[in-house]
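Data from run_8.cif: mmCIF, C-alpha atoms
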```
data_start
loop_
_atom_site.group_PDB
_atom_site.id
_atom_site.type_symbol
_atom_site.label_atom_id
_atom_site.label_comp_id
_atom_site.auth_asym_id
_atom_site.auth_seq_id
_atom_site.Cartn_x
_atom_site.Cartn_y
_atom_site.Cartn_z
ATOM 1 C CA MET A 119 0.709 -1.021 12.798
ATOM 2 C CA LEU A 120 2.453 -0.275 9.517
ATOM 3 C CA ILE A 121 5.180 2.369 9.839
ATOM 4 C CA LEU A 122 6.495 3.879 6.598
ATOM 5 C CA TYR A 123 9.579 5.960 5.846
ATOM 6 C CA PHE A 124 10.248 7.829 2.620
ATOM 7 C CA ALA A 125 13.160 9.486 0.829
ATOM 8 C CA SER A 126 16.061 10.547 3.096
ATOM 9 C CA LEU A 127 14.321 9.056 6.158
ATOM 10 C CA ARG A 128 14.000 5.687 4.413
ATOM 11 C CA GLU A 129 17.708 5.772 3.585
ATOM 12 C CA ARG A 130 18.706 6.610 7.169
ATOM 13 C CA VAL A 131 16.451 3.942 8.682
ATOM 14 C CA GLY A 132 17.688 1.428 6.097
ATOM 15 C CA TYR A 133 14.266 0.266 4.848
ATOM 16 C CA GLY A 134 10.917 1.726 3.854
ATOM 17 C CA GLU A 135 8.450 -0.031 6.110
ATOM 18 C CA GLU A 136 8.033 -2.123 9.211
ATOM 19 C CA THR A 137 5.042 -3.600 10.992
ATOM 20 C CA LEU A 138 5.192 -3.103 14.750
ATOM 21 C CA ASP A 139 3.113 -3.696 17.849
ATOM 22 C CA VAL A 140 2.970 -0.209 19.266
ATOM 23 C CA PRO A 141 2.775 -0.057 23.092
ATOM 24 C CA THR A 142 -0.512 1.305 24.433
ATOM 25 C CA ASP A 143 1.207 4.165 26.283
ATOM 26 C CA ILE A 144 2.135 5.702 22.909
ATOM 27 C CA VAL A 145 -0.604 8.314 22.516
ATOM 28 C CA THR A 146 0.513 10.838 19.902
ATOM 29 C CA ILE A 147 2.645 10.626 16.786
ATOM 30 C CA ALA A 148 5.313 12.608 18.667
ATOM 31 C CA ASP A 149 5.353 9.778 21.256
ATOM 32 C CA LEU A 150 5.597 7.255 18.431
ATOM 33 C CA ALA A 151 8.563 9.084 16.854
ATOM 34 C CA ARG A 152 10.391 9.101 20.213
ATOM 35 C CA TRP A 153 9.716 5.386 20.689
ATOM 36 C CA LEU A 154 10.827 4.541 17.135
ATOM 37 C CA SER A 155 14.035 6.546 17.654
ATOM 38 C CA THR A 156 15.192 3.955 20.195
ATOM 39 C CA ARG A 157 15.023 1.120 17.647
ATOM 40 C CA SER A 158 18.357 1.807 15.944
ATOM 41 C CA GLU A 159 20.965 4.460 15.276
ATOM 42 C CA GLY A 160 19.412 4.925 11.833
ATOM 43 C CA HIS A 161 15.950 5.508 13.326
ATOM 44 C CA SER A 162 17.430 7.935 15.824
ATOM 45 C CA GLU A 163 19.157 9.937 13.066
ATOM 46 C CA ALA A 164 16.139 9.842 10.766
ATOM 47 C CA LEU A 165 13.703 11.066 13.421
ATOM 48 C CA ALA A 166 15.964 13.494 15.319
ATOM 49 C CA ASN A 167 14.804 16.774 13.780
ATOM 50 C CA THR A 168 11.024 16.681 13.937
ATOM 51 C CA ALA A 169 10.829 20.263 12.583
ATOM 52 C CA ALA A 170 12.093 18.847 9.264
ATOM 53 C CA ILE A 171 9.738 15.850 9.245
ATOM 54 C CA ARG A 172 6.183 15.612 7.980
ATOM 55 C CA VAL A 173 3.739 12.883 8.988
ATOM 56 C CA ALA A 174 0.685 11.230 7.499
ATOM 57 C CA ARG A 175 -1.863 9.105 9.363
ATOM 58 C CA ASP A 176 -3.677 6.659 7.084
ATOM 59 C CA GLN A 177 -2.407 8.648 4.093
ATOM 60 C CA VAL A 178 -3.664 12.032 5.318
ATOM 61 C CA HIS A 179 -1.342 14.860 6.411
ATOM 62 C CA VAL A 180 -1.465 15.390 10.196
ATOM 63 C CA ASP A 181 0.584 17.104 12.908
ATOM 64 C CA PHE A 182 2.764 15.417 15.522
ATOM 65 C CA ASP A 183 0.036 15.820 18.146
ATOM 66 C CA ALA A 184 -2.366 13.585 16.179
ATOM 67 C CA PRO A 185 -3.394 10.353 17.944
ATOM 68 C CA VAL A 186 -1.819 7.025 17.059
ATOM 69 C CA GLU A 187 -4.709 4.856 18.239
ATOM 70 C CA GLY A 188 -6.851 3.399 15.467
ATOM 71 C CA ALA A 189 -4.373 4.159 12.692
ATOM 72 C CA ARG A 190 -3.595 1.475 10.105
ATOM 73 C CA GLU A 191 -0.441 3.154 8.857
ATOM 74 C CA ILE A 192 1.709 6.100 9.873
ATOM 75 C CA ALA A 193 4.294 7.569 7.505
ATOM 76 C CA PHE A 194 7.292 9.783 8.240
ATOM 77 C CA PHE A 195 8.927 11.790 5.448
ATOM 78 C CA PRO A 196 10.785 15.007 4.652
ATOM 79 C CA PRO A 197 8.921 18.068 3.279
ATOM 80 C CA VAL A 198 7.688 17.161 -0.196
ATOM 81 C CA THR A 199 9.455 18.295 -3.389
ATOM 82 C CA GLY A 200 7.223 17.235 -6.276
ATOM 83 C CA GLY A 201 5.945 19.327 -9.147
ATOM 84 C CA MET B 253 -22.124 21.073 -13.067
ATOM 85 C CA ALA B 254 -18.947 20.414 -11.118
ATOM 86 C CA ALA B 255 -16.152 18.603 -12.917
ATOM 87 C CA THR B 256 -14.881 15.201 -11.834
ATOM 88 C CA PRO B 257 -11.082 15.460 -11.723
ATOM 89 C CA SER B 258 -8.941 12.842 -13.396
ATOM 90 C CA VAL B 259 -5.622 12.106 -11.704
ATOM 91 C CA SER B 260 -2.761 9.805 -12.780
ATOM 92 C CA VAL B 261 0.530 8.903 -11.138
ATOM 93 C CA GLN B 262 2.692 7.108 -13.663
ATOM 94 C CA ALA B 263 6.228 6.331 -14.785
ATOM 95 C CA GLU B 264 5.360 6.821 -18.463
ATOM 96 C CA ALA B 265 5.608 10.085 -20.370
ATOM 97 C CA PHE B 266 2.413 11.972 -21.243
ATOM 98 C CA ASP B 267 1.206 13.865 -24.300
ATOM 99 C CA THR B 268 0.158 17.388 -23.296
ATOM 100 C CA GLY B 269 -1.614 18.049 -26.611
ATOM 101 C CA ALA B 270 -3.651 14.865 -26.387
ATOM 102 C CA GLU B 271 -4.644 15.596 -22.767
ATOM 103 C CA VAL B 272 -5.719 19.155 -23.621
ATOM 104 C CA ALA B 273 -7.772 17.913 -26.577
ATOM 105 C CA ALA B 274 -9.374 15.140 -24.495
ATOM 106 C CA LEU B 275 -10.539 17.538 -21.800
ATOM 107 C CA ALA B 276 -12.548 19.646 -24.247
ATOM 108 C CA ALA B 277 -13.566 16.859 -26.637
ATOM 109 C CA GLY B 278 -17.273 16.801 -27.467
ATOM 110 C CA ARG B 279 -17.966 19.927 -25.390
ATOM 111 C CA THR B 280 -19.249 23.256 -26.632
ATOM 112 C CA ASP B 281 -19.602 24.981 -23.241
ATOM 113 C CA ILE B 282 -15.871 25.196 -22.484
ATOM 114 C CA GLY B 283 -14.347 28.554 -23.356
ATOM 115 C CA ALA B 284 -10.878 28.142 -21.893
ATOM 116 C CA VAL B 285 -8.367 25.347 -21.410
ATOM 117 C CA VAL B 286 -5.162 26.119 -19.521
ATOM 118 C CA SER B 287 -2.289 23.669 -19.285
ATOM 119 C CA PHE B 288 0.912 23.741 -17.261
ATOM 120 C CA THR B 289 3.707 21.307 -18.081
ATOM 121 C CA GLY B 290 6.629 21.028 -15.676
ATOM 122 C CA LEU B 291 9.931 19.806 -17.133
ATOM 123 C CA VAL B 292 13.081 18.454 -15.505
ATOM 124 C CA ARG B 293 15.415 21.439 -15.517
ATOM 125 C CA ASP B 294 19.195 21.538 -15.560
ATOM 126 C CA LEU B 295 20.501 25.034 -14.854
ATOM 127 C CA THR B 296 24.131 24.064 -14.301
ATOM 128 C CA GLY B 297 24.704 21.451 -17.019
ATOM 129 C CA ASP B 298 25.626 18.979 -14.274
ATOM 130 C CA LEU B 299 22.305 17.170 -13.793
ATOM 131 C CA GLU B 300 22.454 13.599 -14.971
ATOM 132 C CA ALA B 301 19.043 12.428 -13.753
ATOM 133 C CA MET B 302 16.234 13.137 -11.328
ATOM 134 C CA THR B 303 14.572 10.221 -9.561
ATOM 135 C CA LEU B 304 11.155 10.751 -8.037
ATOM 136 C CA GLU B 305 10.000 8.665 -5.101
ATOM 137 C CA HIS B 306 6.373 8.842 -3.989
ATOM 138 C CA TYR B 307 3.924 7.369 -1.497
ATOM 139 C CA PRO B 308 1.689 5.015 -3.527
ATOM 140 C CA GLY B 309 -1.896 5.399 -2.403
ATOM 141 C CA MET B 310 -1.464 8.693 -0.602
ATOM 142 C CA THR B 311 -0.167 10.371 -3.754
ATOM 143 C CA GLU B 312 -3.306 9.598 -5.756
ATOM 144 C CA ARG B 313 -5.491 10.468 -2.783
ATOM 145 C CA GLU B 314 -3.785 13.803 -2.154
ATOM 146 C CA LEU B 315 -3.786 14.830 -5.839
ATOM 147 C CA THR B 316 -7.495 13.997 -6.035
ATOM 148 C CA ALA B 317 -8.200 16.012 -2.876
ATOM 149 C CA ILE B 318 -6.324 19.024 -4.278
ATOM 150 C CA ALA B 319 -8.174 18.766 -7.608
ATOM 151 C CA GLU B 320 -11.540 18.482 -5.824
ATOM 152 C CA ASP B 321 -10.628 21.543 -3.762
ATOM 153 C CA ALA B 322 -9.964 23.454 -7.019
ATOM 154 C CA CYS B 323 -13.386 22.385 -8.331
ATOM 155 C CA LYS B 324 -15.016 23.858 -5.217
ATOM 156 C CA ARG B 325 -13.133 27.155 -5.529
ATOM 157 C CA TRP B 326 -13.635 27.770 -9.270
ATOM 158 C CA PRO B 327 -16.363 26.898 -11.779
ATOM 159 C CA LEU B 328 -14.382 24.235 -13.648
ATOM 160 C CA ASP B 329 -15.615 21.877 -16.368
ATOM 161 C CA GLY B 330 -12.580 19.620 -16.320
ATOM 162 C CA VAL B 331 -9.371 18.962 -14.382
ATOM 163 C CA ARG B 332 -6.585 16.608 -15.451
ATOM 164 C CA VAL B 333 -3.471 16.048 -13.331
ATOM 165 C CA ILE B 334 -0.585 13.735 -14.274
ATOM 166 C CA HIS B 335 2.556 13.377 -12.163
ATOM 167 C CA ARG B 336 5.409 11.070 -13.118
ATOM 168 C CA HIS B 337 7.666 9.076 -10.820
ATOM 169 C CA GLY B 338 10.864 7.108 -11.353
ATOM 170 C CA ARG B 339 14.006 8.161 -13.196
ATOM 171 C CA LEU B 340 13.765 11.226 -15.437
ATOM 172 C CA THR B 341 16.405 13.166 -17.336
ATOM 173 C CA PRO B 342 16.705 16.897 -18.159
ATOM 174 C CA GLY B 343 14.017 18.041 -20.554
ATOM 175 C CA ASP B 344 11.602 15.248 -19.619
ATOM 176 C CA PRO B 345 8.038 16.265 -18.769
ATOM 177 C CA ILE B 346 7.399 15.604 -15.072
ATOM 178 C CA VAL B 347 3.995 17.101 -14.229
ATOM 179 C CA LEU B 348 0.896 18.182 -16.136
ATOM 180 C CA VAL B 349 -2.064 20.212 -14.921
ATOM 181 C CA VAL B 350 -4.936 20.982 -17.304
ATOM 182 C CA THR B 351 -8.009 22.969 -16.327
ATOM 183 C CA ALA B 352 -11.099 23.734 -18.394
ATOM 184 C CA SER B 353 -13.758 26.315 -17.703
ATOM 185 C CA ALA B 354 -16.272 28.519 -19.456
ATOM 186 C CA HIS B 355 -14.053 31.488 -18.572
ATOM 187 C CA ARG B 356 -10.293 31.985 -18.788
ATOM 188 C CA ARG B 357 -9.768 33.527 -15.333
ATOM 189 C CA ALA B 358 -11.085 30.438 -13.542
ATOM 190 C CA ALA B 359 -8.940 28.144 -15.705
ATOM 191 C CA PHE B 360 -5.764 30.222 -15.187
ATOM 192 C CA GLU B 361 -6.221 30.624 -11.437
ATOM 193 C CA ALA B 362 -7.177 27.007 -10.822
ATOM 194 C CA ALA B 363 -4.083 25.760 -12.698
ATOM 195 C CA ASP B 364 -1.861 28.084 -10.647
ATOM 196 C CA PHE B 365 -3.537 26.944 -7.411
ATOM 197 C CA LEU B 366 -3.206 23.261 -8.350
ATOM 198 C CA MET B 367 0.535 23.595 -8.933
ATOM 199 C CA ASP B 368 1.094 25.536 -5.696
ATOM 200 C CA TYR B 369 -0.839 23.001 -3.622
ATOM 201 C CA LEU B 370 0.641 20.015 -5.411
ATOM 202 C CA LYS B 371 4.171 21.234 -4.693
ATOM 203 C CA THR B 372 3.546 21.537 -0.961
ATOM 204 C CA ARG B 373 1.138 18.620 -0.361
ATOM 205 C CA ALA B 374 1.610 15.777 -2.855
ATOM 206 C CA PRO B 375 4.021 13.189 -1.382
ATOM 207 C CA PHE B 376 6.814 13.224 -3.973
ATOM 208 C CA TRP B 377 10.539 13.536 -3.291
ATOM 209 C CA LYS B 378 13.189 14.349 -5.883
ATOM 210 C CA LYS B 379 16.699 12.986 -5.772
ATOM 211 C CA GLU B 380 19.294 14.371 -8.162
ATOM 212 C CA SER B 381 22.314 12.579 -9.536
ATOM 213 C CA HIS B 382 24.998 14.842 -10.958
ATOM 214 C CA ARG B 383 27.824 14.165 -13.399
ATOM 215 C CA ASN B 384 30.622 15.969 -11.576
ATOM 216 C CA THR B 385 29.386 16.861 -8.102
ATOM 217 C CA ALA B 386 27.582 15.074 -5.288
ATOM 218 C CA GLY B 387 23.869 14.646 -5.887
ATOM 219 C CA GLY B 388 21.247 14.135 -3.227
ATOM 220 C CA TRP B 389 17.708 14.840 -2.140
ATOM 221 C CA VAL B 390 16.252 18.151 -3.279
ATOM 222 C CA GLU B 391 15.410 20.425 -0.329
ATOM 223 C CA ALA B 392 11.911 21.880 -0.068
ATOM 224 C CA LYS B 393 11.815 25.621 -0.760
ATOM 225 C CA ALA B 394 10.275 28.129 1.641
ATOM 226 C CA GLU B 395 8.890 30.050 -1.354
ATOM 227 C CA ASP B 396 6.740 27.039 -2.245
ATOM 228 C CA ASP B 397 5.033 27.427 1.142
ATOM 229 C CA THR B 398 4.508 31.167 0.622
ATOM 230 C CA ASP B 399 3.150 30.487 -2.880
ATOM 231 C CA ALA B 400 0.658 27.982 -1.473
ATOM 232 C CA ALA B 401 -0.271 30.332 1.382
ATOM 233 C CA ARG B 402 -1.506 32.924 -1.153
ATOM 234 C CA TRP B 403 -4.619 30.805 -1.607
ATOM 235 C CA GLU B 404 -5.415 30.648 2.115
ATOM 236 C CA LYS B 405 -6.345 34.323 2.413
ATOM 237 C CA GLY B 406 -9.212 34.265 -0.029
ATOM 238 C CA LYS B 407 -10.619 32.259 -2.825
ATOM 239 C CA LYS B 408 -9.242 34.423 -5.593
ATOM 240 C CA VAL B 409 -5.799 35.847 -6.145
ATOM 241 C CA GLN B 410 -5.430 39.542 -5.363
ATOM 242 C CA LYS B 411 -4.239 41.951 -8.016
#
```
Take the structure I supplied and represent it as C-alpha cells, if you would.
Amino acid sequence: MLILYFASLRERVGYGEETLDVPTDIVTIADLARWLSTRSEGHSEALANTAAIRVARDQVHVDFDAPVEGAREIAFFPPVTGG
Amino acid sequence: MAATPSVSVQAEAFDTGAEVAALAAGRTDIGAVVSFTGLVRDLTGDLEAMTLEHYPGMTERELTAIAEDACKRWPLDGVRVIHRHGRLTPGDPIVLVVTASAHRRAAFEAADFLMDYLKTRAPFWKKESHRNTAGGWVEAKAEDDTDAARWEKGKKVQK
C-alpha cells in the first residue's frame, strides 16, 4: 500500500511516500497511524497529534475510523491552507 | 443545462481577463460573470516567497468535486477554477474562480461558496519564507472552517 505524507508531515518523516505491506490486523486508519508511528522517530513526531492531521483514502477525505482494507493509497497531511 | 466545470492546477500564471471572456464567449444566455482572484499578500513587508505544495491527483479531483457541487446548488452556465502551485512572490495571482449564470445572485454566491470550500478541502499547503524572521508552514485558520460551514445549513446564504 502506498502511504503519502505532505507538507510538515513529509518534512518530519523525511520523505513523501513509502510502499508498505500493511499487517492484516490493521483495521482502521487510526490503527495504521499508530503502526506507522513505530517506524521512526520522525514518523512518531509527524503522527503524534492526530487532532491536527487530516487523512485521505484513495484521494478522498475520510476520518480516522475509515477502513484501511482495499485502499490503494492513504495520505496523511496537516489541515489544508490553499486559496 | 448544467455547466461542466473546468479545473486547472498549474505552476504558470493565469490571465483573469482571458478566462472571464472565455467563459462567456459565444453565449447570449449568460447574464452575469463573477470572478475572484486571490493574490499572494504581504502585510508585514517581510514575505520573500510563498511555496505551495499540493497532492497531485487528489487536488484536481477535489477541485472538480467542489465545482460540481456548486453546479448542483446554483443554476450555473460555467465554472472555471485555476489554482497555482510552486514558488510565488507577493502580488502574484494564486487562485482564480470564475462563475457564469443567467442571474447575478447565483454567480456571486457560487463564487463565494467555491472559495470557502476550496480553502478547507483542496489539498494545498503554503510555506512562507521571510527576509528577516523565521518562515514556515502557514497554519489553517478556524475562521475558514466557520466560513465553509455557512453553506452546510442551507443552500443559499442567509441575509
Just need the residues of chain A within 7 Å of chain B, counting only C-alpha atoms, so spit them out as a list of chain:residue names.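 Residues satisfying the distance criterion: A:Ala125, A:Ser126, A:Gln177, A:Pro197, A:Val198, A:Thr199, A:Gly200, A:Gly201.
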Pick out the closest residue to Asp281 in chain B from this set: B:Phe365, B:Asp329, B:Asn384, B:Val259. Count all atoms listed in the file.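 The answer is B:Asp329, which sits nearest to Asp281 in chain B.
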For the point (-16.2, 22.6, -10.2) in file coordinates, what residues are within 9 Å, counting only C-alpha atoms? Give the answer as a list in words?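 With a cut-off of 9 Å, the residues come to Met253, Ala254, Ala255, Thr256, Pro257, Glu320, Asp321, Ala322, Cys323, Lys324, Arg325, Trp326, Pro327, Leu328, Asp329, Gly330, Val331 and Ser353 of chain B.
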Taking all atoms listed in the file into account, name the residue in A:Val178, A:Ala189, A:Leu127, A:Ala170 that is nearest to Val140 in chain A. A:Ala189
On this structure, which residues satisfy the PyMOL selection byres ((chain A and resi 174) around 9), written as an NGL selection string? (:A and (172-173 or 175-181 or 191-195)) or (:B and (310))
Selected by the PyMOL selection byres ((chain B and resi 271) around 10) in the shown coordinates: which residues, as a count of residues only? 18
Identify all residues satisfying the PyMOL selection byres ((chain A and resi 160) around 7) in the given file; provide them as a CSV table (one decimal) with C-alpha atoms, in the frame of the given file.
```
chain,number,residue,atom,x,y,z
A,130,ARG,CA,18.7,6.6,7.2
A,131,VAL,CA,16.5,3.9,8.7
A,132,GLY,CA,17.7,1.4,6.1
A,158,SER,CA,18.4,1.8,15.9
A,159,GLU,CA,21.0,4.5,15.3
A,161,HIS,CA,16.0,5.5,13.3
A,162,SER,CA,17.4,7.9,15.8
A,163,GLU,CA,19.2,9.9,13.1
A,164,ALA,CA,16.1,9.8,10.8
```
May I ask for the distance between CA of Phe288 in chain B and CA of Arg339 in chain B, given in Å to one decimal place?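 Those two atoms sit 20.8 Å apart.
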Straight-line distance linking CA of Arg190 in chain A with CA of Tyr133 in chain A, stated in Å to one decimal: 18.7 Å
Restricting the calculation to all atoms listed in the file, which member of A:Met119, A:Thr168, A:Asp139, A:Pro196 is positioned closest to Ala151 in chain A? A:Thr168
Atomic distance CA of Asp364 in chain B - CA of Ala317 in chain B, expressed in Å with one decimal: 15.7 Å
Smallest atom-to-atom distance to Trp403 in chain B: which of B:Glu361, B:Glu300, B:Asp344, B:Glu264, using only C-alpha atoms?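 For Trp403 in chain B, the nearest of the given residues is B:Glu361.
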With all atoms listed in the file as the basis for distance, which of A:Ala166, A:Val186, A:Leu138, A:Ile171 is at the shortest distance from Leu150 in chain A? A:Val186
Could you extract range 299-369 of chain B of the given structure into a file holding C-alpha atoms, as a compact mmCIF listing (two decimals), in the first residue's frame?
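New file selection.txt:
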```txt
# COMPACT_ATOMS: atom_id res chain seq x y z
CA LEU B 299 7.46 37.95 2.98
CA GLU B 300 10.04 36.83 0.48
CA ALA B 301 8.11 33.98 -1.15
CA MET B 302 5.25 31.55 -0.69
CA THR B 303 5.70 27.97 -1.87
CA LEU B 304 2.62 25.87 -2.43
CA GLU B 305 2.76 22.10 -2.13
CA HIS B 306 -0.20 20.01 -3.27
CA TYR B 307 -1.37 16.43 -3.66
CA PRO B 308 -1.26 15.72 -7.43
CA GLY B 309 -4.33 13.76 -8.43
CA MET B 310 -6.37 14.48 -5.33
CA THR B 311 -6.12 18.23 -5.90
CA GLU B 312 -7.72 18.06 -9.35
CA ARG B 313 -10.28 15.55 -8.10
CA GLU B 314 -11.25 17.64 -5.08
CA LEU B 315 -11.49 20.91 -7.04
CA THR B 316 -13.70 19.17 -9.61
CA ALA B 317 -15.91 17.74 -6.86
CA ILE B 318 -16.31 21.19 -5.27
CA ALA B 319 -17.13 22.77 -8.65
CA GLU B 320 -19.67 20.03 -9.42
CA ASP B 321 -21.23 20.61 -6.00
CA ALA B 322 -21.60 24.33 -6.87
CA CYS B 323 -23.30 23.38 -10.15
CA LYS B 324 -25.86 21.33 -8.21
CA ARG B 325 -26.56 24.14 -5.74
CA TRP B 326 -26.89 27.03 -8.22
CA PRO B 327 -28.07 27.34 -11.83
CA LEU B 328 -24.62 27.94 -13.35
CA ASP B 329 -23.68 28.12 -17.03
CA GLY B 330 -19.94 27.95 -16.48
CA VAL B 331 -17.34 27.38 -13.76
CA ARG B 332 -13.60 27.88 -14.14
CA VAL B 333 -11.15 27.19 -11.30
CA ILE B 334 -7.37 27.66 -11.52
CA HIS B 335 -5.04 27.11 -8.57
CA ARG B 336 -1.29 27.58 -8.82
CA HIS B 337 1.43 25.62 -7.05
CA GLY B 338 5.17 26.11 -6.65
CA ARG B 339 7.06 29.24 -5.65
CA LEU B 340 5.14 32.53 -5.76
CA THR B 341 6.08 36.02 -4.62
CA PRO B 342 3.97 38.85 -3.14
CA GLY B 343 1.49 40.23 -5.65
CA ASP B 344 1.40 37.05 -7.73
CA PRO B 345 -2.03 35.65 -8.59
CA ILE B 346 -2.52 32.33 -6.78
CA VAL B 347 -6.15 31.28 -7.31
CA LEU B 348 -8.94 32.11 -9.74
CA VAL B 349 -12.63 31.25 -9.52
CA VAL B 350 -15.00 32.34 -12.30
CA THR B 351 -18.71 31.59 -12.32
CA ALA B 352 -21.27 32.36 -15.01
CA SER B 353 -25.03 32.32 -14.69
CA ALA B 354 -28.14 33.90 -16.14
CA HIS B 355 -28.52 35.78 -12.85
CA ARG B 356 -26.01 37.65 -10.70
CA ARG B 357 -27.03 36.20 -7.31
CA ALA B 358 -26.22 32.64 -8.37
CA ALA B 359 -22.86 33.73 -9.81
CA PHE B 360 -21.90 35.73 -6.69
CA GLU B 361 -22.95 33.05 -4.22
CA ALA B 362 -21.38 30.18 -6.14
CA ALA B 363 -18.02 32.02 -6.34
CA ASP B 364 -18.12 32.68 -2.59
CA PHE B 365 -19.02 29.04 -1.89
CA LEU B 366 -16.26 27.76 -4.19
CA MET B 367 -13.60 29.79 -2.38
CA ASP B 368 -14.84 28.74 1.08
CA TYR B 369 -14.88 25.05 0.15
```
